Structures are given as structure tokens and as C-alpha cells.
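Source file: run-v7.txt; contents: compact mmCIF, C-alpha atoms.
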```
# COMPACT_ATOMS: atom_id res chain seq x y z
CA MET A 101 32.31 -2.39 34.00
CA MET A 102 31.26 -5.72 32.49
CA ASN A 103 32.39 -6.35 28.91
CA LEU A 104 29.72 -7.35 26.38
CA SER A 105 32.02 -10.02 24.97
CA GLY A 106 31.76 -11.85 28.29
CA VAL A 107 28.08 -12.65 27.71
CA HIS A 108 26.89 -15.06 25.01
CA LEU A 109 24.48 -13.55 22.47
CA ASN A 110 22.33 -16.70 22.34
CA GLY A 111 21.84 -16.47 26.08
CA LEU A 112 20.68 -12.87 25.81
CA ARG A 113 18.26 -13.87 23.04
CA ALA A 114 16.83 -16.60 25.26
CA VAL A 115 16.40 -14.21 28.19
CA GLU A 116 14.66 -11.60 26.02
CA ALA A 117 12.37 -14.16 24.37
CA VAL A 118 11.19 -15.65 27.68
CA ALA A 119 10.47 -12.21 29.16
CA ARG A 120 8.55 -11.12 26.07
CA CYS A 121 6.68 -14.38 25.38
CA GLY A 122 5.92 -15.08 29.03
CA SER A 123 6.88 -18.76 29.01
CA LEU A 124 9.72 -21.14 28.25
CA ILE A 125 7.60 -23.10 25.79
CA LYS A 126 6.60 -20.10 23.67
CA ALA A 127 10.16 -18.76 23.70
CA ALA A 128 11.48 -22.16 22.66
CA GLU A 129 9.04 -22.32 19.75
CA GLU A 130 10.11 -18.87 18.57
CA LEU A 131 13.82 -19.69 18.84
CA GLY A 132 13.47 -23.16 17.33
CA VAL A 133 15.02 -25.02 20.27
CA SER A 134 13.77 -27.09 23.22
CA PRO A 135 12.50 -25.53 26.47
CA SER A 136 15.33 -27.20 28.35
CA ALA A 137 17.87 -25.55 26.03
CA VAL A 138 16.28 -22.15 26.72
CA SER A 139 16.40 -22.82 30.46
CA GLN A 140 20.09 -23.73 30.24
CA GLN A 141 20.82 -20.55 28.30
CA ILE A 142 19.10 -18.47 30.98
CA ASN A 143 21.03 -20.16 33.80
CA ARG A 144 24.33 -19.62 31.94
CA THR A 145 23.52 -15.96 31.32
CA GLU A 146 22.63 -15.33 34.95
CA LYS A 147 25.97 -16.81 36.00
CA GLN A 148 27.83 -14.66 33.46
CA LEU A 149 26.05 -11.53 34.68
CA GLY A 150 26.19 -12.43 38.34
CA ARG A 151 22.54 -11.32 38.69
CA THR A 152 19.23 -13.17 38.98
CA LEU A 153 16.97 -12.33 36.06
CA PHE A 154 13.95 -14.52 36.80
CA GLU A 155 12.16 -15.84 39.85
CA ARG A 156 11.35 -19.56 39.57
CA ARG A 157 7.70 -20.03 40.49
CA PRO A 158 5.25 -22.95 40.00
CA SER A 159 3.50 -20.86 37.35
CA GLY A 160 6.76 -20.27 35.43
CA LEU A 161 9.55 -17.73 35.19
CA VAL A 162 8.81 -14.18 36.35
CA PRO A 163 11.36 -11.38 35.78
CA THR A 164 12.92 -9.91 38.89
CA GLU A 165 12.93 -6.15 39.34
CA PHE A 166 16.36 -6.02 37.73
CA GLY A 167 15.33 -8.58 35.12
CA ALA A 168 12.37 -6.46 33.97
CA VAL A 169 14.59 -3.43 33.35
CA PHE A 170 17.33 -5.57 31.79
CA THR A 171 15.02 -7.42 29.36
CA ALA A 172 13.27 -4.20 28.31
CA ARG A 173 16.66 -2.86 27.20
CA LEU A 174 17.39 -6.17 25.47
CA SER A 175 14.10 -6.01 23.52
CA SER A 176 14.91 -2.52 22.30
CA GLY A 177 18.42 -3.61 21.30
CA PHE A 178 17.29 -6.68 19.39
CA ARG A 179 14.72 -4.61 17.48
CA GLU A 180 17.50 -2.27 16.39
CA LEU A 181 19.64 -5.23 15.35
CA ALA A 182 16.81 -6.74 13.32
CA GLN A 183 16.18 -3.46 11.53
CA ALA A 184 19.90 -3.04 10.84
CA VAL A 185 20.14 -6.49 9.29
CA ALA A 186 17.01 -5.82 7.22
CA LEU A 187 18.76 -2.86 5.59
CA ALA A 188 21.06 -5.33 3.82
CA ASP A 189 18.09 -6.91 2.04
CA ASP A 190 16.94 -4.84 -0.94
CA ARG A 191 13.67 -6.74 -1.03
CA THR A 192 12.93 -5.77 2.56
CA SER A 193 13.79 -2.11 2.05
CA ASN A 194 11.50 -1.88 -0.99
CA THR A 195 8.67 -4.04 0.34
CA LEU A 196 5.86 -2.47 2.33
CA ILE A 197 4.13 -4.91 4.67
CA VAL A 198 0.57 -3.89 5.53
CA SER A 199 -1.56 -5.60 8.18
CA MET A 200 -5.33 -5.36 7.78
CA ALA A 201 -8.54 -7.33 8.07
CA PRO A 202 -9.29 -9.71 5.15
CA ALA A 203 -12.63 -8.03 4.42
CA ILE A 204 -11.07 -4.60 3.84
CA ALA A 205 -8.19 -6.10 1.89
CA ALA A 206 -10.43 -8.14 -0.42
CA ARG A 207 -13.36 -5.76 -0.88
CA TRP A 208 -11.60 -2.42 -0.99
CA LEU A 209 -7.80 -2.43 -1.18
CA VAL A 210 -7.02 -5.16 -3.74
CA PRO A 211 -9.21 -3.70 -6.55
CA ARG A 212 -7.28 -0.43 -6.22
CA LEU A 213 -3.71 -1.68 -5.89
CA SER A 214 -2.93 -1.38 -9.60
CA ARG A 215 -3.16 2.39 -9.23
CA PHE A 216 -0.61 2.30 -6.42
CA PHE A 217 1.77 0.17 -8.50
CA SER A 218 1.42 2.53 -11.45
CA ARG A 219 2.43 5.49 -9.33
CA PHE A 220 5.09 3.76 -7.20
CA PRO A 221 6.51 0.88 -9.30
CA GLU A 222 9.60 0.69 -7.09
CA ILE A 223 7.56 -0.25 -3.97
CA LEU A 224 6.41 -3.83 -3.51
CA ILE A 225 3.46 -4.58 -1.24
CA ARG A 226 2.83 -7.60 0.94
CA ILE A 227 -0.59 -7.78 2.59
CA ASP A 228 -0.82 -9.52 5.96
CA ALA A 229 -4.58 -10.20 5.88
CA SER A 230 -5.53 -11.12 9.41
CA THR A 231 -7.91 -10.08 12.17
CA GLN A 232 -5.08 -10.55 14.67
CA ILE A 233 -3.44 -7.32 15.83
CA ALA A 234 0.20 -7.36 14.73
CA ASP A 235 2.92 -6.05 17.03
CA LEU A 236 4.04 -3.09 14.96
CA ASN A 237 7.17 -2.50 17.02
CA ARG A 238 8.54 -6.05 17.10
CA SER A 239 7.34 -7.52 13.80
CA ASP A 240 8.27 -6.72 10.21
CA VAL A 241 4.87 -5.09 9.61
CA ASP A 242 5.35 -1.49 8.50
CA LEU A 243 1.78 -0.25 8.79
CA GLY A 244 -1.64 -1.45 9.83
CA ILE A 245 -5.23 -0.45 9.09
CA ARG A 246 -7.31 -1.13 12.18
CA LEU A 247 -10.89 -0.66 13.27
CA GLY A 248 -11.50 0.80 16.71
CA ARG A 249 -11.48 4.01 18.69
CA GLY A 250 -7.93 5.05 17.84
CA ARG A 251 -6.01 3.99 20.92
CA TRP A 252 -3.65 1.04 20.86
CA PRO A 253 -0.65 0.63 23.20
CA GLY A 254 2.69 1.25 21.52
CA ALA A 255 1.16 2.65 18.34
CA ARG A 256 0.59 5.96 16.56
CA ALA A 257 -2.88 6.18 15.00
CA GLU A 258 -4.21 8.47 12.29
CA LEU A 259 -7.91 8.53 11.46
CA LEU A 260 -8.54 7.31 7.91
CA LEU A 261 -12.31 6.96 7.80
CA PRO A 262 -15.09 7.17 10.41
CA MET A 263 -17.07 3.94 10.15
CA GLU A 264 -20.72 4.44 9.19
CA ILE A 265 -23.25 1.62 9.09
CA PHE A 266 -26.26 1.15 6.82
CA PRO A 267 -28.48 -1.71 5.62
CA VAL A 268 -27.76 -3.11 2.15
CA CYS A 269 -29.50 -5.68 -0.02
CA SER A 270 -29.85 -6.71 -3.64
CA PRO A 271 -32.14 -4.69 -5.95
CA HIS A 272 -34.56 -7.65 -5.97
CA VAL A 273 -34.91 -7.68 -2.18
CA ALA A 274 -35.14 -3.88 -2.10
CA ARG A 275 -38.46 -4.03 -3.97
CA LYS A 276 -40.04 -5.43 -0.79
CA LEU A 277 -38.74 -2.57 1.36
CA LYS A 278 -40.86 0.55 0.92
CA ALA A 279 -40.40 1.61 4.55
CA ILE A 280 -38.41 0.53 7.61
CA PRO A 281 -41.27 -1.62 9.06
CA ASP A 282 -40.94 -3.79 5.93
CA LEU A 283 -37.71 -5.18 7.40
CA ALA A 284 -39.91 -7.75 9.12
CA LYS A 285 -40.54 -9.30 5.67
CA VAL A 286 -36.92 -10.13 4.75
CA TRP A 287 -34.12 -12.35 6.03
CA GLU A 288 -31.26 -10.96 8.07
CA ILE A 289 -27.77 -12.07 7.05
CA ARG A 290 -25.64 -11.84 10.19
CA ASP A 291 -21.93 -11.58 10.81
CA GLU A 292 -21.32 -13.42 14.09
CA ASN A 293 -18.12 -11.47 14.80
CA SER A 294 -19.47 -8.03 13.99
CA MET A 295 -18.74 -5.05 16.25
CA ILE A 296 -22.01 -3.35 15.15
CA SER A 297 -25.68 -4.12 15.67
CA TRP A 298 -29.06 -3.25 14.25
CA GLN A 299 -29.91 -1.51 17.51
CA ASP A 300 -27.10 0.98 16.81
CA TRP A 301 -28.66 1.81 13.46
CA PHE A 302 -32.22 2.05 14.79
CA ASN A 303 -31.05 4.36 17.58
CA ALA A 304 -29.27 6.65 15.15
CA ALA A 305 -32.19 6.59 12.72
CA GLY A 306 -34.59 7.50 15.53
CA VAL A 307 -37.08 4.73 14.76
CA GLU A 308 -38.52 1.82 16.68
CA PRO A 309 -36.62 -1.44 16.10
CA VAL A 310 -38.07 -3.78 13.50
CA MET A 311 -36.08 -6.98 13.32
CA PRO A 312 -35.79 -8.95 10.08
CA ILE A 313 -36.42 -12.68 9.93
CA GLN A 314 -33.43 -14.64 11.21
CA GLY A 315 -31.50 -15.92 8.22
CA ALA A 316 -28.04 -17.33 7.62
CA SER A 317 -25.12 -16.33 9.81
CA PHE A 318 -21.43 -16.40 8.96
CA THR A 319 -18.15 -15.79 10.76
CA ASP A 320 -16.80 -13.71 7.86
CA PRO A 321 -18.28 -10.42 6.58
CA ILE A 322 -17.21 -11.25 3.00
CA LEU A 323 -19.44 -14.34 3.05
CA CYS A 324 -22.27 -12.22 4.45
CA LEU A 325 -21.87 -9.76 1.61
CA GLU A 326 -21.85 -12.52 -1.00
CA ALA A 327 -25.07 -13.92 0.44
CA VAL A 328 -26.71 -10.49 0.31
CA ILE A 329 -25.54 -9.87 -3.27
CA ALA A 330 -27.09 -13.27 -4.16
CA GLY A 331 -30.45 -11.98 -2.93
CA GLN A 332 -30.61 -14.02 0.28
CA GLY A 333 -31.43 -11.15 2.60
CA ILE A 334 -30.25 -7.88 4.14
CA MET A 335 -27.26 -6.98 6.31
CA LEU A 336 -25.65 -4.04 8.06
CA ALA A 337 -22.61 -2.95 6.07
CA TRP A 338 -20.06 -0.15 6.11
CA GLN A 339 -18.17 1.90 3.52
CA PHE A 340 -15.10 -0.27 2.90
CA LEU A 341 -17.18 -3.43 2.64
CA ALA A 342 -20.00 -2.28 0.39
CA ALA A 343 -18.79 0.79 -1.55
CA ASP A 344 -17.92 -0.96 -4.81
CA ALA A 345 -21.03 -3.16 -4.84
CA LEU A 346 -23.16 -0.04 -4.29
CA ALA A 347 -21.35 1.79 -7.06
CA ASP A 348 -21.89 -0.93 -9.68
CA GLY A 349 -25.47 -1.70 -8.70
CA ARG A 350 -25.04 -5.15 -7.19
CA LEU A 351 -26.29 -3.69 -3.92
CA VAL A 352 -28.58 -0.85 -2.90
CA ALA A 353 -29.08 0.96 0.40
CA PRO A 354 -32.89 0.74 0.55
CA PHE A 355 -33.51 3.38 3.23
CA GLY A 356 -30.78 5.85 2.29
CA ILE A 357 -29.64 6.22 5.91
CA ALA A 358 -26.07 5.86 7.15
CA ALA A 359 -25.51 6.07 10.89
CA PRO A 360 -22.27 6.79 12.77
CA SER A 361 -20.94 3.76 14.63
CA GLY A 362 -18.56 5.52 17.01
CA LEU A 363 -15.71 3.50 15.49
CA GLY A 364 -13.17 4.41 12.85
CA HIS A 365 -10.61 2.92 10.49
CA TYR A 366 -7.13 4.10 11.44
CA ILE A 367 -3.70 3.97 9.84
CA VAL A 368 -1.47 2.64 12.60
CA THR A 369 2.33 2.56 12.85
CA GLY A 370 4.70 1.50 15.61
CA GLU A 371 5.75 4.32 17.90
CA ASP A 372 9.29 2.90 18.03
CA LYS A 373 9.72 2.84 14.25
CA ARG A 374 10.96 5.73 12.17
CA ALA A 375 8.83 6.95 9.30
CA SER A 376 9.96 5.72 5.88
CA ARG A 377 9.29 6.91 2.36
CA LYS A 378 7.35 3.75 1.45
CA VAL A 379 5.02 4.23 4.45
CA ASP A 380 4.49 7.91 3.63
CA CYS A 381 3.71 7.11 -0.01
CA PHE A 382 1.15 4.48 0.98
CA ARG A 383 -0.49 6.72 3.59
CA LYS A 384 -0.99 9.57 1.14
CA TRP A 385 -2.27 7.24 -1.57
CA VAL A 386 -4.75 5.52 0.78
CA HIS A 387 -6.18 8.88 1.86
CA GLU A 388 -6.68 9.83 -1.80
CA GLU A 389 -8.43 6.53 -2.53
CA VAL A 390 -10.71 6.94 0.48
CA SER A 391 -11.68 10.44 -0.71
CA ALA A 392 -12.50 9.04 -4.15
CA THR A 393 -14.55 6.23 -2.61
CA LEU A 394 -16.58 8.66 -0.51
CA ALA A 395 -17.15 10.90 -3.53
CA ASN A 396 -18.68 7.96 -5.38
CA MET A 397 -20.97 7.32 -2.41
CA GLN A 398 -22.27 10.91 -2.23
CA SER A 399 -25.55 10.06 -3.92
CA PRO A 400 -29.18 9.69 -2.87
CA GLN A 401 -28.40 6.03 -2.16
CA VAL A 402 -26.70 6.71 1.16
CA GLN A 403 -27.36 9.82 3.26
CA LYS A 404 -25.45 10.43 6.47
CA LEU A 405 -27.18 10.97 9.77
CA PRO A 406 -25.74 13.31 12.41
CA GLY A 407 -24.68 11.65 15.62
CA ARG A 408 -21.75 10.54 17.68
CA GLY A 409 -18.59 10.02 15.69
CA VAL A 410 -15.02 8.95 16.18
CA GLN A 411 -12.25 11.03 17.58
CA PRO A 412 -10.41 13.50 15.33
CA PRO A 413 -7.22 12.29 13.60
CA LEU A 414 -4.56 11.30 16.08
CA SER A 415 -0.87 11.56 15.29
CA GLU A 416 0.33 10.91 18.81
CA LEU A 417 -1.26 8.69 21.46
```

Before anything else, please render the file you have as C-alpha cells.
Amino acid sequence: MMNLSGVHLNGLRAVEAVARCGSLIKAAEELGVSPSAVSQQINRTEKQLGRTLFERRPSGLVPTEFGAVFTARLSSGFRELAQAVALADDRTSNTLIVSMAPAIAARWLVPRLSRFFSRFPEILIRIDASTQIADLNRSDVDLGIRLGRGRWPGARAELLLPMEIFPVCSPHVARKLKAIPDLAKVWEIRDENSMISWQDWFNAAGVEPVMPIQGASFTDPILCLEAVIAGQGIMLAWQFLAADALADGRLVAPFGIAAPSGLGHYIVTGEDKRASRKVDCFRKWVHEEVSATLANMQSPQVQKLPGRGVQPPLSEL
């Protein structure tokens, strides 16, 4: 049986990084060395093991059948090592890293964080505000809040809030909107990256489409919301984005109709990671805050329509 001490750790790191990243260049960037150095480490490791780990093709390095099994075990081992080393850092053990979209972080989570700190002063929070999906098994992210249908590879998902969509505008613009056909009189503020559309809302409302005048478009929903609050038009919004502005009167929902989108906001954790107290505390607190947010929205301003919804809460995928 081969002894582990006969194989260099740096070589194993290089092998694992290339298999995971899919290229020498990306692996080299992650490891902070040159591609040639990574290639040399792989060659040395293959000689030490006496097995070929990668096929050399014009398109790059492709794991052999043995190499695929070998590198999968390496990835699991390095994750365990990283988590073991992290235990020595008090800041890491007490810091909860949450990945979520900037719009939800800015418009919903941040205004409520002081309540979390008051209840759990020993837990620090770091928000990774990004639309990119973090690898919850290989990164230091403890928990994510994602929008979708509840199924992501390598993740456990728990439904937090079904996403409902509804038009919002400033009180000034709302004066022009006595009925849905009046939408043709106002400007539409559009989020170019949105996963929802006016057609979804018209279908759920059971009315013929009436499109607003084409107005400004943005690549960020926060900018869309600011434009709408400033009285520049109307937009389709959802609970996390518009709840506080509806509550304090900066926005109104002129038609009082909220339609199901078929999507949901989910709390997501890595299936390879063990549950921790800091994650459990945050999960319970977030559910409480969502319940309070929905209670504040249970008014004549926004009435829910029946229709297709998201899946029930998922604990295992």
C-alpha cells in the first residue's frame, strides 16, 4: 500500500485544482503560481503515484477514469482540511457568511440586521452581495438566499418565501391609474435582468395586456425602484424589494393585485456541510422577519391572487 508521505501535498493540490477548475490557467490563478509550475506538479505527482491522472488533449487536460475518481476524493479531503484549519480561527467560527443578491440585501436584510445583532451579539455577519451563485460546498459561504425553483446541484434548499409580483408606483403616479387600462398613460421602468414579465402578471390577473409607455431601463432592480419612488413611472416588484417602501408610503400598489410568479426565495446550504448553531440561529431569525414583513403587507394595498405557486419547503434535494 502506498504511503501518503511519498506524495507531495503541493502536487495533490495542483491535481485537484486542475480537475475542479477545468484548466491549467484557472488552477494556476487560484494557486498563485504559473501554469507551467502546475503542469510540473502534475507530472511529478503522476510519477510518484505510478498512474496517469490526465489525458493530454489539444483542448487541455481531461481526467482519466482513475483520475476522475482520484480527484473527487482529493476535493472532499481538501474541503475537510480547510474546515479543520478554519476551526483555529475564532473569527471564522463566529462569523456567518451569507450569499445573496444585492437587491435583497440592501432593500430588505440590512434594515433589519440590528435586530439580529441584538439577539445574537456573539455572531458576526459578513454579506457576500452578488448575483453569482456561490459554491456552498467548496467556499467559505455558510448559507445563501437564492431565487429560483428550489433545485440546485449539491445544495439543500428550504422555501423561505414564494415570490409574488405586483405593479408599484409613487402616490403621484397612482393618481393617473384608476383602472388597469390606464397603464397605457404611464412610463414603464424596466429591469433588464428581471426573471419576471408583465405578461405573467396580466395572465394571473385575467385581464388583457395593456403595456405602459417605454421608459428608462436599468440593469439593477434597486435603481429601478429608486426611479419609481422618484415618480418616473411604474414597475413590477416583489415582496423583498418593495415591502418597506409600501409600508412607509413611498410606494403604492395601485391595483391591489399580487400574482404568483412560480419562483421562490430559498435558504440554501451545502449538502456536504454540517449544520452549525450560527446557521440555525440565522435561519430561524430570517423566517421570523419574513413573517413580520408579510404581516405588514396584509392590507388592502396588496391582495394575493390564486394561481400556480412554488414547491413546498424542501429540506432534501

Find the distance between atom CA of Leu277 of chain A and atom CA of Ile334 of chain A and write it in Å to one decimal.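 Atom CA of Ile334 of chain A lies 10.4 Å from atom CA of Leu277 of chain A.
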
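Counting from atom CA of Arg207 of chain A, the distance to atom CA of Val368 of chain A is 19.8 Å.
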
Atom CA of Leu161 of chain A and atom CA of Ser176 of chain A are how many Å apart?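 Atom CA of Leu161 of chain A sits 20.6 Å away from atom CA of Ser176 of chain A.
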
Just want the 7 Å neighbourhood of Leu124 of chain A, counted on all atoms listed in the file, with same-chain residues fewer than 5 positions away dropped. Output as a ChimeraX atom specification. /A:118,135,138

Just to be explicit: take each residue in the selection above, keep C-alpha atoms, and write the result as a CSV table (one decimal), in the coordinates of the input.
```csv
chain,number,residue,atom,x,y,z
A,118,VAL,CA,11.2,-15.6,27.7
A,135,PRO,CA,12.5,-25.5,26.5
A,138,VAL,CA,16.3,-22.2,26.7
```

Ranking A:Glu326, A:Val307, A:Thr145, A:Pro202 by minimum distance to Leu104 of chain A and counting only C-alpha atoms, which one comes first? A:Thr145

Counting all atoms listed in the file, what is within 12 Å of Arg120 of chain A, bar same-chain residues fewer than 2 positions away, as a ChimeraX atom specification? /A:113-118,122-124,126-128,130,161-163,167-168,170-176,178,235,238

What would the file look like if the residues just selected were written as an mmCIF file, keeping the file's coordinate frame with C-alpha atoms?
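Final output, saved to result14.cif:
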```
data_model
loop_
_atom_site.group_PDB
_atom_site.id
_atom_site.type_symbol
_atom_site.label_atom_id
_atom_site.label_comp_id
_atom_site.auth_asym_id
_atom_site.auth_seq_id
_atom_site.Cartn_x
_atom_site.Cartn_y
_atom_site.Cartn_z
ATOM 1 C CA ARG A 113 18.260 -13.870 23.040
ATOM 2 C CA ALA A 114 16.830 -16.600 25.260
ATOM 3 C CA VAL A 115 16.400 -14.210 28.190
ATOM 4 C CA GLU A 116 14.660 -11.600 26.020
ATOM 5 C CA ALA A 117 12.370 -14.160 24.370
ATOM 6 C CA VAL A 118 11.190 -15.650 27.680
ATOM 7 C CA GLY A 122 5.920 -15.080 29.030
ATOM 8 C CA SER A 123 6.880 -18.760 29.010
ATOM 9 C CA LEU A 124 9.720 -21.140 28.250
ATOM 10 C CA LYS A 126 6.600 -20.100 23.670
ATOM 11 C CA ALA A 127 10.160 -18.760 23.700
ATOM 12 C CA ALA A 128 11.480 -22.160 22.660
ATOM 13 C CA GLU A 130 10.110 -18.870 18.570
ATOM 14 C CA LEU A 161 9.550 -17.730 35.190
ATOM 15 C CA VAL A 162 8.810 -14.180 36.350
ATOM 16 C CA PRO A 163 11.360 -11.380 35.780
ATOM 17 C CA GLY A 167 15.330 -8.580 35.120
ATOM 18 C CA ALA A 168 12.370 -6.460 33.970
ATOM 19 C CA PHE A 170 17.330 -5.570 31.790
ATOM 20 C CA THR A 171 15.020 -7.420 29.360
ATOM 21 C CA ALA A 172 13.270 -4.200 28.310
ATOM 22 C CA ARG A 173 16.660 -2.860 27.200
ATOM 23 C CA LEU A 174 17.390 -6.170 25.470
ATOM 24 C CA SER A 175 14.100 -6.010 23.520
ATOM 25 C CA SER A 176 14.910 -2.520 22.300
ATOM 26 C CA PHE A 178 17.290 -6.680 19.390
ATOM 27 C CA ASP A 235 2.920 -6.050 17.030
ATOM 28 C CA ARG A 238 8.540 -6.050 17.100
#
```

So which residues touch Glu308 of chain A within 12 Å, counting only C-alpha atoms, skipping near sequence neighbours fewer than 3 positions away, as a ChimeraX atom specification? /A:280-281,283,298-305,311

Just to be explicit: take each residue in the selection above, keep C-alpha atoms, and write the result as a short mmCIF file (atom, residue, chain, number, x, y, z; two decimals), in the frame of the given file.
```cif
data_model
loop_
_atom_site.label_atom_id
_atom_site.label_comp_id
_atom_site.auth_asym_id
_atom_site.auth_seq_id
_atom_site.Cartn_x
_atom_site.Cartn_y
_atom_site.Cartn_z
CA ILE A 280 -38.41 0.53 7.61
CA PRO A 281 -41.27 -1.62 9.06
CA LEU A 283 -37.71 -5.18 7.40
CA TRP A 298 -29.06 -3.25 14.25
CA GLN A 299 -29.91 -1.51 17.51
CA ASP A 300 -27.10 0.98 16.81
CA TRP A 301 -28.66 1.81 13.46
CA PHE A 302 -32.22 2.05 14.79
CA ASN A 303 -31.05 4.36 17.58
CA ALA A 304 -29.27 6.65 15.15
CA ALA A 305 -32.19 6.59 12.72
CA MET A 311 -36.08 -6.98 13.32
#
```

Write out as a PyMOL selection string which residues come within 12 Å of Arg256 of chain A when counting all atoms listed in the file, dropping same-chain ones fewer than 4 positions away. chain A and resi 236-237+242-246+250-252+366-375+413-417

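For the set A:Ala229, A:Gln148, A:Lys384, A:Pro158, the residue with the smallest atom-to-atom gap to Leu112 of chain A is A:Gln148, counting all atoms listed in the file.
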
Taking the point (1.9, -5.3, 3.9) as given in the file, collect each protein or nucleic acid residue that comes within 6 Å of it, counting all atoms listed in the file, and present the set as a PyMOL selection string. chain A and resi 196-199+225-228

As a PDB file, in the frame of the given file, please: segment 254-277 of chain A completed to N, CA and C atoms.
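To be explicit, this is the file written out as result-v7.pdb:
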```pdb
ATOM      1  N   GLY A 254       1.490   1.352  22.337  1.00  0.00           N
ATOM      2  CA  GLY A 254       2.690   1.250  21.520  1.00  0.00           C
ATOM      3  C   GLY A 254       2.515   1.634  20.075  1.00  0.00           C
ATOM      4  N   ALA A 255       1.431   2.332  19.745  1.00  0.00           N
ATOM      5  CA  ALA A 255       1.160   2.650  18.340  1.00  0.00           C
ATOM      6  C   ALA A 255       0.779   4.117  18.169  1.00  0.00           C
ATOM      7  N   ARG A 256       1.095   4.656  16.992  1.00  0.00           N
ATOM      8  CA  ARG A 256       0.590   5.960  16.560  1.00  0.00           C
ATOM      9  C   ARG A 256      -0.572   5.701  15.606  1.00  0.00           C
ATOM     10  N   ALA A 257      -1.672   6.410  15.809  1.00  0.00           N
ATOM     11  CA  ALA A 257      -2.880   6.180  15.000  1.00  0.00           C
ATOM     12  C   ALA A 257      -3.322   7.470  14.328  1.00  0.00           C
ATOM     13  N   GLU A 258      -3.729   7.343  13.083  1.00  0.00           N
ATOM     14  CA  GLU A 258      -4.210   8.470  12.290  1.00  0.00           C
ATOM     15  C   GLU A 258      -5.552   8.080  11.670  1.00  0.00           C
ATOM     16  N   LEU A 259      -6.581   8.864  11.946  1.00  0.00           N
ATOM     17  CA  LEU A 259      -7.910   8.530  11.460  1.00  0.00           C
ATOM     18  C   LEU A 259      -7.940   8.531   9.928  1.00  0.00           C
ATOM     19  N   LEU A 260      -8.391   7.435   9.359  1.00  0.00           N
ATOM     20  CA  LEU A 260      -8.540   7.310   7.910  1.00  0.00           C
ATOM     21  C   LEU A 260      -9.981   7.515   7.485  1.00  0.00           C
ATOM     22  N   LEU A 261     -10.914   6.895   8.197  1.00  0.00           N
ATOM     23  CA  LEU A 261     -12.310   6.960   7.800  1.00  0.00           C
ATOM     24  C   LEU A 261     -13.220   6.621   8.977  1.00  0.00           C
ATOM     25  N   PRO A 262     -14.106   7.543   9.395  1.00  0.00           N
ATOM     26  CA  PRO A 262     -15.090   7.170  10.410  1.00  0.00           C
ATOM     27  C   PRO A 262     -16.008   6.083   9.842  1.00  0.00           C
ATOM     28  N   MET A 263     -16.249   5.060  10.608  1.00  0.00           N
ATOM     29  CA  MET A 263     -17.070   3.940  10.150  1.00  0.00           C
ATOM     30  C   MET A 263     -18.553   4.277  10.300  1.00  0.00           C
ATOM     31  N   GLU A 264     -19.282   4.228   9.181  1.00  0.00           N
ATOM     32  CA  GLU A 264     -20.720   4.440   9.190  1.00  0.00           C
ATOM     33  C   GLU A 264     -21.412   3.160   8.759  1.00  0.00           C
ATOM     34  N   ILE A 265     -22.550   2.884   9.353  1.00  0.00           N
ATOM     35  CA  ILE A 265     -23.250   1.620   9.090  1.00  0.00           C
ATOM     36  C   ILE A 265     -24.592   1.902   8.425  1.00  0.00           C
ATOM     37  N   PHE A 266     -25.011   0.987   7.549  1.00  0.00           N
ATOM     38  CA  PHE A 266     -26.260   1.150   6.820  1.00  0.00           C
ATOM     39  C   PHE A 266     -26.689  -0.210   6.265  1.00  0.00           C
ATOM     40  N   PRO A 267     -27.997  -0.459   6.190  1.00  0.00           N
ATOM     41  CA  PRO A 267     -28.480  -1.710   5.620  1.00  0.00           C
ATOM     42  C   PRO A 267     -28.248  -1.739   4.103  1.00  0.00           C
ATOM     43  N   VAL A 268     -27.901  -2.911   3.585  1.00  0.00           N
ATOM     44  CA  VAL A 268     -27.760  -3.110   2.150  1.00  0.00           C
ATOM     45  C   VAL A 268     -28.432  -4.414   1.750  1.00  0.00           C
ATOM     46  N   CYS A 269     -28.889  -4.462   0.515  1.00  0.00           N
ATOM     47  CA  CYS A 269     -29.500  -5.680  -0.020  1.00  0.00           C
ATOM     48  C   CYS A 269     -29.428  -5.621  -1.533  1.00  0.00           C
ATOM     49  N   SER A 270     -29.828  -6.685  -2.179  1.00  0.00           N
ATOM     50  CA  SER A 270     -29.850  -6.710  -3.640  1.00  0.00           C
ATOM     51  C   SER A 270     -31.035  -5.887  -4.148  1.00  0.00           C
ATOM     52  N   PRO A 271     -30.989  -5.436  -5.407  1.00  0.00           N
ATOM     53  CA  PRO A 271     -32.140  -4.690  -5.950  1.00  0.00           C
ATOM     54  C   PRO A 271     -33.446  -5.482  -5.890  1.00  0.00           C
ATOM     55  N   HIS A 272     -33.355  -6.809  -6.037  1.00  0.00           N
ATOM     56  CA  HIS A 272     -34.560  -7.650  -5.970  1.00  0.00           C
ATOM     57  C   HIS A 272     -35.195  -7.592  -4.586  1.00  0.00           C
ATOM     58  N   VAL A 273     -34.386  -7.726  -3.543  1.00  0.00           N
ATOM     59  CA  VAL A 273     -34.910  -7.680  -2.180  1.00  0.00           C
ATOM     60  C   VAL A 273     -35.423  -6.282  -1.857  1.00  0.00           C
ATOM     61  N   ALA A 274     -34.762  -5.260  -2.399  1.00  0.00           N
ATOM     62  CA  ALA A 274     -35.140  -3.880  -2.100  1.00  0.00           C
ATOM     63  C   ALA A 274     -36.562  -3.561  -2.530  1.00  0.00           C
ATOM     64  N   ARG A 275     -37.097  -4.289  -3.506  1.00  0.00           N
ATOM     65  CA  ARG A 275     -38.460  -4.030  -3.970  1.00  0.00           C
ATOM     66  C   ARG A 275     -39.492  -4.292  -2.869  1.00  0.00           C
ATOM     67  N   LYS A 276     -39.123  -5.117  -1.884  1.00  0.00           N
ATOM     68  CA  LYS A 276     -40.040  -5.430  -0.790  1.00  0.00           C
ATOM     69  C   LYS A 276     -39.981  -4.394   0.333  1.00  0.00           C
ATOM     70  N   LEU A 277     -39.019  -3.478   0.246  1.00  0.00           N
ATOM     71  CA  LEU A 277     -38.740  -2.570   1.360  1.00  0.00           C
ATOM     72  C   LEU A 277     -39.125  -1.143   1.002  1.00  0.00           C
TER      73      LEU A 277
END
```
